[in-house]
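Asker: This one is coords_13.txt, compact mmCIF, C-alpha atoms.
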```
# COMPACT_ATOMS: atom_id res chain seq x y z
CA MET A 15 -89.88 70.75 -45.22
CA MET A 16 -89.97 74.47 -44.48
CA VAL A 17 -92.82 76.60 -45.78
CA ALA A 18 -91.60 80.18 -46.51
CA GLY A 19 -88.02 81.01 -47.41
CA GLY A 20 -87.43 84.72 -46.97
CA ARG A 21 -84.58 86.49 -45.22
CA PHE A 22 -86.01 85.85 -41.77
CA GLN A 23 -86.48 82.13 -42.41
CA VAL A 24 -82.73 81.72 -43.11
CA PRO A 25 -81.81 81.06 -39.43
CA MET A 26 -84.36 78.23 -39.27
CA ALA A 27 -82.94 76.76 -42.48
CA LYS A 28 -79.42 76.97 -41.08
CA LYS A 29 -80.49 75.31 -37.82
CA ILE A 30 -82.15 72.44 -39.70
CA LYS A 31 -78.94 71.80 -41.64
CA GLU A 32 -76.79 72.25 -38.53
CA MET A 33 -78.84 69.49 -36.86
CA GLY A 34 -78.04 67.13 -39.73
CA HIS A 35 -81.30 67.04 -41.69
CA ARG A 36 -82.14 67.38 -45.38
CA LEU A 37 -84.23 70.46 -46.15
CA ILE A 38 -87.00 71.03 -48.69
CA CYS A 39 -88.05 74.70 -48.91
CA THR A 40 -91.03 76.33 -50.65
CA ASN A 41 -91.52 80.03 -51.28
CA LEU A 42 -93.02 82.33 -53.90
CA TYR A 43 -89.83 83.87 -55.28
CA GLU A 44 -87.00 82.28 -57.27
CA ASP A 45 -84.37 84.32 -55.39
CA SER A 46 -85.68 83.41 -51.92
CA PRO A 47 -82.69 83.67 -49.51
CA ALA A 48 -83.43 80.42 -47.65
CA PHE A 49 -83.23 78.45 -50.92
CA ALA A 50 -79.44 78.74 -50.69
CA TYR A 51 -79.51 76.42 -47.63
CA ALA A 52 -82.05 73.91 -48.95
CA ASP A 53 -81.27 70.56 -50.55
CA LYS A 54 -84.27 71.11 -52.81
CA SER A 55 -86.36 74.24 -53.31
CA TYR A 56 -89.66 74.93 -55.04
CA VAL A 57 -91.14 78.21 -56.23
CA VAL A 58 -94.71 78.01 -55.00
CA ASN A 59 -97.09 80.28 -53.09
CA VAL A 60 -97.04 79.48 -49.37
CA LEU A 61 -100.84 79.90 -49.40
CA ASP A 62 -101.25 77.07 -51.92
CA LYS A 63 -102.09 74.18 -49.61
CA GLU A 64 -102.55 71.54 -52.31
CA LYS A 65 -99.32 72.31 -54.15
CA ASN A 66 -97.32 72.28 -50.92
CA LEU A 67 -98.97 68.97 -49.96
CA GLN A 68 -98.02 67.52 -53.34
CA ILE A 69 -94.38 68.58 -52.86
CA ALA A 70 -94.37 67.10 -49.35
CA LYS A 71 -95.69 63.77 -50.62
CA GLU A 72 -93.22 63.62 -53.50
CA ASN A 73 -90.30 64.17 -51.11
CA HIS A 74 -91.58 61.80 -48.38
CA ILE A 75 -90.96 64.42 -45.69
CA ASP A 76 -90.60 63.49 -42.02
CA ALA A 77 -91.45 66.93 -40.59
CA ILE A 78 -92.77 70.34 -41.64
CA VAL A 79 -92.00 73.72 -40.05
CA SER A 80 -92.23 77.46 -40.62
CA ASP A 81 -91.25 80.57 -38.69
CA GLN A 82 -92.05 84.28 -38.58
CA SER A 83 -94.76 83.97 -41.25
CA ASP A 84 -98.44 84.12 -40.31
CA ILE A 85 -99.66 83.25 -43.79
CA SER A 86 -97.65 79.99 -43.86
CA MET A 87 -99.11 78.45 -40.72
CA GLU A 88 -102.40 77.16 -42.13
CA THR A 89 -100.57 75.50 -45.04
CA LEU A 90 -98.11 73.92 -42.60
CA ALA A 91 -100.94 72.50 -40.46
CA TYR A 92 -102.87 71.32 -43.52
CA VAL A 93 -99.91 69.38 -44.88
CA ALA A 94 -99.02 67.95 -41.47
CA GLU A 95 -102.57 66.76 -40.81
CA HIS A 96 -102.81 65.03 -44.21
CA LEU A 97 -99.49 63.25 -43.68
CA GLY A 98 -99.94 62.40 -40.00
CA LEU A 99 -96.99 64.55 -38.91
CA PRO A 100 -96.68 66.37 -35.56
CA THR A 101 -98.77 69.55 -35.58
CA ASN A 102 -101.07 71.58 -33.38
CA GLY A 103 -103.71 71.13 -36.05
CA LEU A 104 -105.47 73.33 -38.55
CA HIS A 105 -107.89 74.65 -35.91
CA ILE A 106 -104.99 76.16 -33.92
CA ALA A 107 -103.45 77.62 -37.08
CA GLU A 108 -106.78 79.24 -37.97
CA LEU A 109 -107.28 80.53 -34.43
CA CYS A 110 -103.84 82.13 -34.40
CA SER A 111 -104.10 83.74 -37.84
CA ASP A 112 -107.73 84.88 -37.81
CA LYS A 113 -108.11 88.08 -35.78
CA ALA A 114 -111.86 87.60 -35.36
CA LYS A 115 -111.48 84.03 -34.06
CA MET A 116 -108.68 84.91 -31.65
CA ARG A 117 -110.71 87.77 -30.17
CA ALA A 118 -113.78 85.55 -29.80
CA HIS A 119 -111.61 82.94 -28.08
CA CYS A 120 -110.29 85.52 -25.62
CA LYS A 121 -113.81 86.70 -24.76
CA GLU A 122 -114.99 83.14 -24.24
CA HIS A 123 -112.09 82.36 -21.88
CA GLY A 124 -112.14 85.60 -19.89
CA PHE A 125 -109.13 87.41 -21.39
CA PHE A 126 -109.12 91.10 -22.22
CA VAL A 127 -109.61 92.12 -25.87
CA PRO A 128 -110.99 95.30 -27.45
CA ASP A 129 -114.64 95.41 -28.46
CA PHE A 130 -114.81 94.33 -32.11
CA ARG A 131 -116.92 93.25 -35.05
CA ALA A 132 -115.92 91.10 -38.04
CA CYS A 133 -117.32 92.91 -41.09
CA LYS A 134 -118.03 91.65 -44.60
CA THR A 135 -119.17 95.05 -45.84
CA VAL A 136 -118.37 98.69 -45.19
CA GLU A 137 -121.96 99.13 -44.04
CA GLU A 138 -121.34 96.71 -41.16
CA ALA A 139 -118.19 98.64 -40.25
CA LEU A 140 -120.13 101.92 -40.36
CA GLU A 141 -122.67 100.47 -37.92
CA PHE A 142 -119.84 99.59 -35.55
CA PHE A 143 -118.36 103.09 -35.94
CA GLN A 144 -121.61 104.81 -34.88
CA ASN A 145 -121.28 106.69 -31.56
CA ARG A 146 -117.49 106.23 -31.58
CA ASN A 147 -114.89 108.91 -32.26
CA LYS A 148 -112.17 106.57 -33.43
CA ILE A 149 -111.79 102.90 -34.37
CA VAL A 150 -109.15 100.63 -35.90
CA ILE A 151 -109.74 98.43 -38.94
CA LYS A 152 -107.46 95.58 -39.97
CA PRO A 153 -107.60 92.57 -42.30
CA GLN A 154 -108.94 89.36 -40.77
CA ASN A 155 -105.73 87.55 -41.78
CA SER A 156 -102.63 89.32 -43.04
CA GLN A 157 -99.23 90.27 -41.67
CA ALA A 158 -96.73 93.14 -41.26
CA SER A 159 -99.47 95.72 -40.44
CA ARG A 160 -100.69 95.73 -44.03
CA GLY A 161 -104.16 97.23 -44.33
CA VAL A 162 -104.31 98.55 -40.75
CA PHE A 163 -105.92 101.98 -40.46
CA PHE A 164 -107.05 104.32 -37.69
CA ILE A 165 -110.48 105.66 -38.61
CA GLU A 166 -111.93 108.97 -37.39
CA SER A 167 -114.74 109.64 -39.90
CA ALA A 168 -117.30 107.80 -42.00
CA GLU A 169 -115.70 109.16 -45.16
CA GLN A 170 -112.31 107.80 -44.12
CA LEU A 171 -113.87 104.42 -43.32
CA ARG A 172 -115.47 104.19 -46.78
CA GLU A 173 -112.09 105.00 -48.34
CA LYS A 174 -109.93 102.63 -46.29
CA PHE A 175 -112.25 99.64 -45.86
CA PRO A 176 -111.71 98.20 -49.39
CA ILE A 177 -107.95 98.67 -49.03
CA SER A 178 -107.95 96.74 -45.77
CA GLN A 179 -110.17 94.06 -47.32
CA SER A 180 -107.76 93.68 -50.25
CA PHE A 181 -105.12 92.28 -47.86
CA THR A 182 -107.37 89.47 -46.59
CA HIS A 183 -107.89 85.98 -47.97
CA GLY A 184 -110.51 83.33 -47.32
CA ASP A 185 -113.67 84.91 -45.89
CA ARG A 186 -112.29 88.40 -46.70
CA LEU A 187 -113.47 89.87 -43.41
CA VAL A 188 -112.26 93.16 -41.99
CA VAL A 189 -112.08 93.43 -38.21
CA ALA A 190 -113.33 96.76 -36.84
CA GLU A 191 -112.40 97.31 -33.22
CA GLU A 192 -112.50 100.01 -30.60
CA TYR A 193 -109.48 102.29 -30.40
CA MET A 194 -107.83 101.75 -27.02
CA ASP A 195 -106.31 105.05 -25.90
CA GLY A 196 -105.03 103.51 -22.67
CA GLY A 197 -107.86 104.80 -20.54
CA THR A 198 -106.50 104.99 -17.00
CA SER A 199 -103.18 103.53 -18.20
CA ASP A 200 -100.43 104.85 -20.46
CA GLY A 201 -101.41 102.68 -23.44
CA ARG A 202 -97.97 101.07 -23.75
CA GLU A 203 -97.75 98.20 -26.21
CA PHE A 204 -95.77 94.99 -25.72
CA THR A 205 -94.64 91.89 -27.60
CA VAL A 206 -94.30 88.50 -25.90
CA ASP A 207 -92.50 85.48 -27.35
CA GLY A 208 -92.56 81.97 -25.98
CA ILE A 209 -92.65 78.23 -26.66
CA PHE A 210 -94.85 75.23 -25.84
CA ILE A 211 -93.45 72.05 -24.33
CA ASN A 212 -96.01 69.26 -24.00
CA GLY A 213 -98.84 71.79 -23.83
CA LYS A 214 -97.22 73.94 -21.16
CA HIS A 215 -96.37 77.43 -22.35
CA HIS A 216 -93.15 79.20 -21.38
CA THR A 217 -92.81 82.97 -21.89
CA LEU A 218 -89.24 83.69 -23.01
CA ALA A 219 -88.98 87.35 -24.07
CA ILE A 220 -90.96 90.56 -23.52
CA SER A 221 -90.51 93.90 -25.26
CA LYS A 222 -91.91 97.38 -24.74
CA LYS A 223 -92.83 98.97 -28.07
CA VAL A 224 -92.56 102.48 -29.47
CA GLN A 225 -94.40 103.29 -32.70
CA TYR A 226 -93.63 105.66 -35.56
CA GLU A 227 -95.14 109.09 -35.00
CA HIS A 228 -96.70 109.17 -38.47
CA ASN A 229 -98.27 105.69 -38.14
CA PRO A 230 -98.94 104.20 -34.68
CA SER A 231 -99.72 100.78 -36.19
CA ILE A 232 -96.05 100.25 -37.10
CA ALA A 233 -93.42 99.54 -34.45
CA ARG A 234 -90.24 101.59 -34.54
CA GLU A 235 -88.48 100.30 -31.41
CA LEU A 236 -88.71 97.23 -29.21
CA ILE A 237 -86.75 97.13 -25.93
CA PHE A 238 -86.43 93.64 -24.46
CA SER A 239 -86.02 92.70 -20.81
CA MET A 240 -87.71 90.18 -18.52
CA HIS A 241 -87.89 92.67 -15.63
CA ASP A 242 -89.49 96.08 -15.33
CA ASP A 243 -89.88 98.63 -12.54
CA VAL A 244 -93.15 100.06 -13.88
CA TYR A 245 -95.16 97.16 -15.28
CA ASP A 246 -96.12 93.96 -13.46
CA TYR A 247 -94.33 91.41 -15.60
CA ASP A 248 -95.08 88.54 -13.21
CA LYS A 249 -98.80 89.12 -13.71
CA PHE A 250 -98.24 89.62 -17.43
CA ILE A 251 -96.28 86.38 -17.88
CA ALA A 252 -98.84 84.35 -15.94
CA GLN A 253 -101.68 85.80 -18.04
CA ASN A 254 -99.87 85.14 -21.31
CA ASN A 255 -99.10 81.55 -20.35
CA ARG A 256 -102.73 80.92 -19.32
CA LEU A 257 -103.99 82.38 -22.59
CA MET A 258 -101.72 80.27 -24.75
CA GLU A 259 -102.49 77.09 -22.81
CA SER A 260 -106.22 77.78 -23.21
CA THR A 261 -105.81 77.22 -26.97
CA GLY A 262 -104.84 73.58 -26.46
CA ALA A 263 -101.64 73.92 -28.50
CA GLN A 264 -98.97 71.39 -27.57
CA MET A 265 -95.85 72.44 -29.49
CA GLY A 266 -94.12 75.22 -31.36
CA MET A 267 -93.38 78.86 -30.73
CA SER A 268 -95.62 81.83 -29.96
CA HIS A 269 -95.61 85.55 -30.58
CA ASN A 270 -98.28 87.79 -29.03
CA GLU A 271 -98.88 91.51 -28.88
CA TYR A 272 -100.67 93.40 -26.11
CA LYS A 273 -101.71 96.90 -25.14
CA LEU A 274 -102.07 98.20 -21.58
CA HIS A 275 -105.58 99.61 -21.21
CA ASN A 276 -107.31 100.59 -17.97
CA GLY A 277 -104.63 98.76 -16.00
CA GLU A 278 -105.02 95.46 -17.86
CA PHE A 279 -103.09 93.74 -20.63
CA TYR A 280 -105.38 93.53 -23.69
CA LEU A 281 -104.52 91.07 -26.45
CA VAL A 282 -103.97 92.67 -29.87
CA GLU A 283 -102.48 89.72 -31.77
CA MET A 284 -101.82 86.03 -31.03
CA SER A 285 -99.79 83.59 -33.11
CA ASN A 286 -98.32 80.08 -33.01
CA ARG A 287 -95.02 81.06 -34.68
CA GLY A 288 -91.93 82.98 -33.71
CA GLY A 289 -91.78 86.78 -33.71
CA GLY A 290 -90.88 88.29 -37.07
CA ASN A 291 -87.92 90.35 -38.22
CA GLY A 292 -85.54 87.97 -36.47
CA LEU A 293 -87.10 88.07 -32.99
CA SER A 294 -87.46 84.31 -32.61
CA SER A 295 -84.08 83.50 -34.17
CA LEU A 296 -81.88 86.19 -32.58
CA ILE A 297 -83.55 88.05 -29.71
CA VAL A 298 -85.33 85.18 -27.94
CA PRO A 299 -82.19 83.01 -27.54
CA ILE A 300 -80.19 86.02 -26.26
CA ILE A 301 -82.80 87.05 -23.68
CA SER A 302 -83.79 83.54 -22.54
CA GLY A 303 -80.77 81.32 -23.18
CA VAL A 304 -83.16 78.87 -24.87
CA ASP A 305 -82.49 77.37 -28.31
CA ASN A 306 -86.14 77.64 -29.30
CA HIS A 307 -85.54 76.72 -32.94
CA ALA A 308 -83.84 73.45 -32.00
CA ILE A 309 -86.72 72.57 -29.65
CA TYR A 310 -89.31 73.28 -32.35
CA ILE A 311 -87.45 71.25 -34.98
CA ARG A 312 -87.18 68.29 -32.60
CA GLN A 313 -90.90 68.55 -31.82
CA SER A 314 -91.77 68.62 -35.52
CA LEU A 315 -89.87 65.34 -35.96
CA GLY A 316 -91.88 63.73 -33.17
CA GLU A 317 -89.06 63.71 -30.64
CA LYS A 318 -90.04 63.97 -26.99
CA VAL A 319 -88.93 67.27 -25.45
CA ASN A 320 -89.73 67.26 -21.75
CA GLU A 321 -87.93 70.25 -20.32
CA LEU A 322 -86.83 73.78 -21.15
CA ALA A 323 -83.04 73.72 -21.34
CA VAL A 324 -81.49 77.10 -20.51
CA ASP A 325 -77.90 78.06 -21.33
CA GLU A 326 -77.15 80.70 -18.70
CA ASP A 327 -73.86 81.63 -20.38
CA ARG A 328 -75.77 82.61 -23.51
CA LYS A 329 -78.20 84.94 -21.77
CA HIS A 330 -78.04 88.74 -21.70
CA PRO A 331 -80.61 90.85 -19.83
CA TYR A 332 -81.28 93.54 -22.47
CA ALA A 333 -81.79 93.68 -26.21
CA ILE A 334 -83.17 96.07 -28.79
CA LEU A 335 -84.76 95.90 -32.22
CA LYS A 336 -84.69 99.42 -33.65
CA PHE A 337 -86.07 100.40 -37.06
CA PHE A 338 -84.65 103.42 -38.82
CA ASP A 339 -86.80 106.46 -39.58
CA HIS A 340 -86.54 108.33 -42.87
CA LYS A 341 -86.38 111.61 -40.92
CA GLN A 342 -83.17 110.65 -39.13
CA PHE A 343 -81.35 110.78 -42.47
CA SER A 344 -82.99 113.89 -43.93
CA GLY A 345 -85.43 116.57 -42.90
CA MET A 346 -87.36 116.01 -46.12
CA GLU A 347 -90.51 113.91 -46.41
CA SER A 348 -88.79 111.91 -49.15
CA PHE A 349 -85.44 111.94 -50.93
CA VAL A 350 -83.44 109.95 -53.48
CA ILE A 351 -80.61 108.03 -51.79
CA GLN A 352 -77.20 109.10 -53.12
CA SER A 353 -75.03 107.10 -50.72
CA ILE A 354 -75.25 104.60 -47.84
CA GLU A 355 -72.42 104.50 -45.29
CA GLY A 356 -71.50 102.72 -42.07
CA VAL A 357 -73.40 99.44 -42.36
CA GLU A 358 -70.31 97.23 -42.36
CA GLU A 359 -68.82 99.11 -39.41
CA VAL A 360 -72.01 98.61 -37.40
CA ALA A 361 -72.19 94.92 -38.36
CA ALA A 362 -68.67 94.41 -36.99
CA HIS A 363 -69.65 95.58 -33.49
CA PRO A 364 -69.57 92.56 -31.10
CA ASN A 365 -73.02 93.34 -29.63
CA ILE A 366 -74.80 93.74 -32.94
CA LEU A 367 -76.95 90.73 -33.84
CA ASP A 368 -78.10 92.01 -37.22
CA VAL A 369 -78.26 95.21 -39.25
CA ALA A 370 -79.81 95.90 -42.63
CA ILE A 371 -80.81 98.74 -44.92
CA ASN A 372 -83.86 97.88 -46.97
CA HIS A 373 -82.95 100.30 -49.75
CA LYS A 374 -80.17 100.84 -52.26
CA VAL A 375 -78.60 103.87 -53.89
CA GLY A 376 -81.11 105.41 -56.29
CA ASP A 377 -84.19 104.36 -54.28
CA VAL A 378 -86.58 106.94 -52.86
CA MET A 379 -86.55 107.08 -49.06
CA LYS A 380 -89.96 107.96 -47.61
CA LYS A 381 -92.30 107.21 -44.73
CA ALA A 382 -92.93 103.56 -43.94
CA GLU A 383 -96.46 102.57 -44.93
CA ASN A 384 -96.40 99.14 -43.26
CA GLY A 385 -94.01 96.70 -41.63
CA THR A 386 -92.49 95.58 -44.92
CA ASN A 387 -91.13 98.93 -46.14
CA ARG A 388 -89.40 100.39 -43.09
CA PRO A 389 -86.00 101.85 -44.06
CA GLY A 390 -84.00 99.21 -42.20
CA PHE A 391 -83.13 98.08 -38.69
CA PHE A 392 -80.52 96.91 -36.25
CA MET A 393 -80.58 94.38 -33.39
CA ALA A 394 -78.25 94.45 -30.42
CA PHE A 395 -77.86 93.01 -26.92
CA ALA A 396 -76.29 94.41 -23.75
CA ASP A 397 -75.74 93.76 -20.06
CA SER A 398 -77.18 97.13 -18.94
CA MET A 399 -79.53 99.80 -20.26
CA GLN A 400 -76.64 102.26 -20.32
CA GLU A 401 -74.65 99.92 -22.58
CA LEU A 402 -77.70 99.48 -24.83
CA GLU A 403 -78.08 103.27 -25.14
CA GLU A 404 -74.39 103.61 -26.00
CA ILE A 405 -74.76 101.02 -28.78
CA GLU A 406 -77.82 102.81 -30.13
CA ASN A 407 -75.93 106.11 -30.21
CA PHE A 408 -73.04 104.41 -32.01
CA VAL A 409 -75.40 103.05 -34.69
CA ASN A 410 -77.19 106.38 -35.16
CA HIS A 411 -73.91 108.25 -35.61
CA THR A 412 -72.34 105.61 -37.88
CA ILE A 413 -75.03 104.76 -40.43
CA LYS A 414 -75.68 107.61 -42.85
CA MET A 415 -77.82 107.93 -45.95
CA ARG A 416 -77.65 111.00 -48.10
```
Translate this file's structure into structure tokens.
Answerer:
Amino acid sequence: MMVAGGRFQVPMAKKIKEMGHRLICTNLYEDSPAFAYADKSYVVNVLDKEKNLQIAKENHIDAIVSDQSDISMETLAYVAEHLGLPTNGLHIAELCSDKAKMRAHCKEHGFFVPDFRACKTVEEALEFFQNRNKIVIKPQNSQASRGVFFIESAEQLREKFPISQSFTHGDRLVVAEEYMDGGTSDGREFTVDGIFINGKHHTLAISKKVQYEHNPSIARELIFSMHDDVYDYDKFIAQNNRLMESTGAQMGMSHNEYKLHNGEFYLVEMSNRGGGNGLSSLIVPIISGVDNHAIYIRQSLGEKVNELAVDEDRKHPYAILKFFDHKQFSGMESFVIQSIEGVEEVAAHPNILDVAINHKVGDVMKKAENGTNRPGFFMAFADSMQELEEIENFVNHTIKMR
């Protein structure tokens, strides 16, 4: 059974079928893309633990998985625990989806996190804001940067707090945390993807992030490589592995986000699922040579996986996930799309892993407000940074929206 069935769960669905298994898929929408690969599909909210458990029981499932969906992980763990299936447990799912709990865990185990407070009311957030020039607020448990705001005044906090709270579920807490400007460092942000094998964590892919100018909470570009001349990746990898192993998780994938602050890597987000927007399904295998989806599926079935198999012929040292910006297509703040050109030509390039435009003719193109409404993206791999830059230039000159 796979909980969640959107576009970015399709590769997991395909891998399950490729490995010879029957697939049950649940998701909220009737036209969910992964349903096309399932033997049976059910329209149900991924947050509905009891309904998903009922479906699992009716179908006598042998394993349950999900990928690239924070909000699915607690349901997955809940179902698995009730049916005695392999899982890291509900406590790990909660730790890796609850921003307050993950920050408390880091503090307890000596890892760097920003100063924070979990707030039930705007008054609590205002107390935290006192004597600070800038803070960040974010939902306790959400995804895709929904409800994340940078706050610079009490008036702004009163306005944005209820919006942020509207994206939470459960305790409906909003996490207020210090704004990390980098301090003595450049403030660069990173993503790190990996996988557990028998409780040992392996870091498989690292990216350096660039954010949109109009909203620094939304990533615009991720450049992947396992080596860097500026940042100490050996130290970074060792720290990330120690952090993940401190959770006690035994299986599955991971996706973490960090910010460099005062010379140290500070955790921003931690999760026990693969990186979204195709990172776990496309980028991680290209950078690492590891079939992480196959490992995770085998683990979910209770198979013993004892080593990290690496296909060196599959590896490439560089990759990019680049999101389009509305300004690259027009100098206007917003415009009605009259035509879209070049997508098929870009998709045919041998180094392109994926490309998509998230709009159609007649839609209004405007600034991205969160991770779900960026104009589109492309993914590519290369054997040198020069080759990667050439591919990026090709994409930028080929795809046009007017």
Asker: Compare A:Glu192, A:Glu169, A:Glu259, A:Asp246 by their minimum atom-to-atom distance to Ile149 of chain A, counting only C-alpha atoms, and give me the closest one.
Answerer: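 The shortest atom-to-atom distance to Ile149 of chain A comes from A:Glu192.
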Asker: Give me, as a ChimeraX atom specification, all polymer residues having an atom no more than 12 Å from Lys113 of chain A, counting all atoms listed in the file and skipping those fewer than 4 positions away in the same chain.
Answerer: /A:84,107-109,117-120,127-128,130-133,151-157,182,185-191,270,281-285
Asker: Would you export the selected residues with C-alpha atoms as a PDB file, in the frame of the given file, please?
Answerer:
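Below is the file that was written, out-v8.pdb:
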```pdb
ATOM      1  CA  ASP A  84     -98.440  84.120 -40.310  1.00  0.00           C
ATOM      2  CA  ALA A 107    -103.450  77.620 -37.080  1.00  0.00           C
ATOM      3  CA  GLU A 108    -106.780  79.240 -37.970  1.00  0.00           C
ATOM      4  CA  LEU A 109    -107.280  80.530 -34.430  1.00  0.00           C
ATOM      5  CA  ARG A 117    -110.710  87.770 -30.170  1.00  0.00           C
ATOM      6  CA  ALA A 118    -113.780  85.550 -29.800  1.00  0.00           C
ATOM      7  CA  HIS A 119    -111.610  82.940 -28.080  1.00  0.00           C
ATOM      8  CA  CYS A 120    -110.290  85.520 -25.620  1.00  0.00           C
ATOM      9  CA  VAL A 127    -109.610  92.120 -25.870  1.00  0.00           C
ATOM     10  CA  PRO A 128    -110.990  95.300 -27.450  1.00  0.00           C
ATOM     11  CA  PHE A 130    -114.810  94.330 -32.110  1.00  0.00           C
ATOM     12  CA  ARG A 131    -116.920  93.250 -35.050  1.00  0.00           C
ATOM     13  CA  ALA A 132    -115.920  91.100 -38.040  1.00  0.00           C
ATOM     14  CA  CYS A 133    -117.320  92.910 -41.090  1.00  0.00           C
ATOM     15  CA  ILE A 151    -109.740  98.430 -38.940  1.00  0.00           C
ATOM     16  CA  LYS A 152    -107.460  95.580 -39.970  1.00  0.00           C
ATOM     17  CA  PRO A 153    -107.600  92.570 -42.300  1.00  0.00           C
ATOM     18  CA  GLN A 154    -108.940  89.360 -40.770  1.00  0.00           C
ATOM     19  CA  ASN A 155    -105.730  87.550 -41.780  1.00  0.00           C
ATOM     20  CA  SER A 156    -102.630  89.320 -43.040  1.00  0.00           C
ATOM     21  CA  GLN A 157     -99.230  90.270 -41.670  1.00  0.00           C
ATOM     22  CA  THR A 182    -107.370  89.470 -46.590  1.00  0.00           C
ATOM     23  CA  ASP A 185    -113.670  84.910 -45.890  1.00  0.00           C
ATOM     24  CA  ARG A 186    -112.290  88.400 -46.700  1.00  0.00           C
ATOM     25  CA  LEU A 187    -113.470  89.870 -43.410  1.00  0.00           C
ATOM     26  CA  VAL A 188    -112.260  93.160 -41.990  1.00  0.00           C
ATOM     27  CA  VAL A 189    -112.080  93.430 -38.210  1.00  0.00           C
ATOM     28  CA  ALA A 190    -113.330  96.760 -36.840  1.00  0.00           C
ATOM     29  CA  GLU A 191    -112.400  97.310 -33.220  1.00  0.00           C
ATOM     30  CA  ASN A 270     -98.280  87.790 -29.030  1.00  0.00           C
ATOM     31  CA  LEU A 281    -104.520  91.070 -26.450  1.00  0.00           C
ATOM     32  CA  VAL A 282    -103.970  92.670 -29.870  1.00  0.00           C
ATOM     33  CA  GLU A 283    -102.480  89.720 -31.770  1.00  0.00           C
ATOM     34  CA  MET A 284    -101.820  86.030 -31.030  1.00  0.00           C
ATOM     35  CA  SER A 285     -99.790  83.590 -33.110  1.00  0.00           C
TER      36      SER A 285
END
```
Asker: Around (-100.3, 72.0, -52.6) in the file's own coordinates, what residues are found within 12 Å if you use all atoms listed in the file, given back as a PyMOL selection string?
Answerer: chain A and resi 17+40-41+56-72+88-90+92-94+96
Asker: Just to confirm, what's the straight-line distance from atom CA of Phe337 of chain A to atom CA of Asp397 of chain A in Å (one decimal)?
Answerer: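 Atom CA of Phe337 of chain A sits 21.0 Å away from atom CA of Asp397 of chain A.
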Asker: Fewer than 4 positions away in the same chain doesn't count, so skip those; otherwise give me all residues within 8 Å of Ile354 of chain A, counting only C-alpha atoms, as JSON, numbers by chain.
Answerer: {"A": [374, 375, 413, 414, 415, 416]}
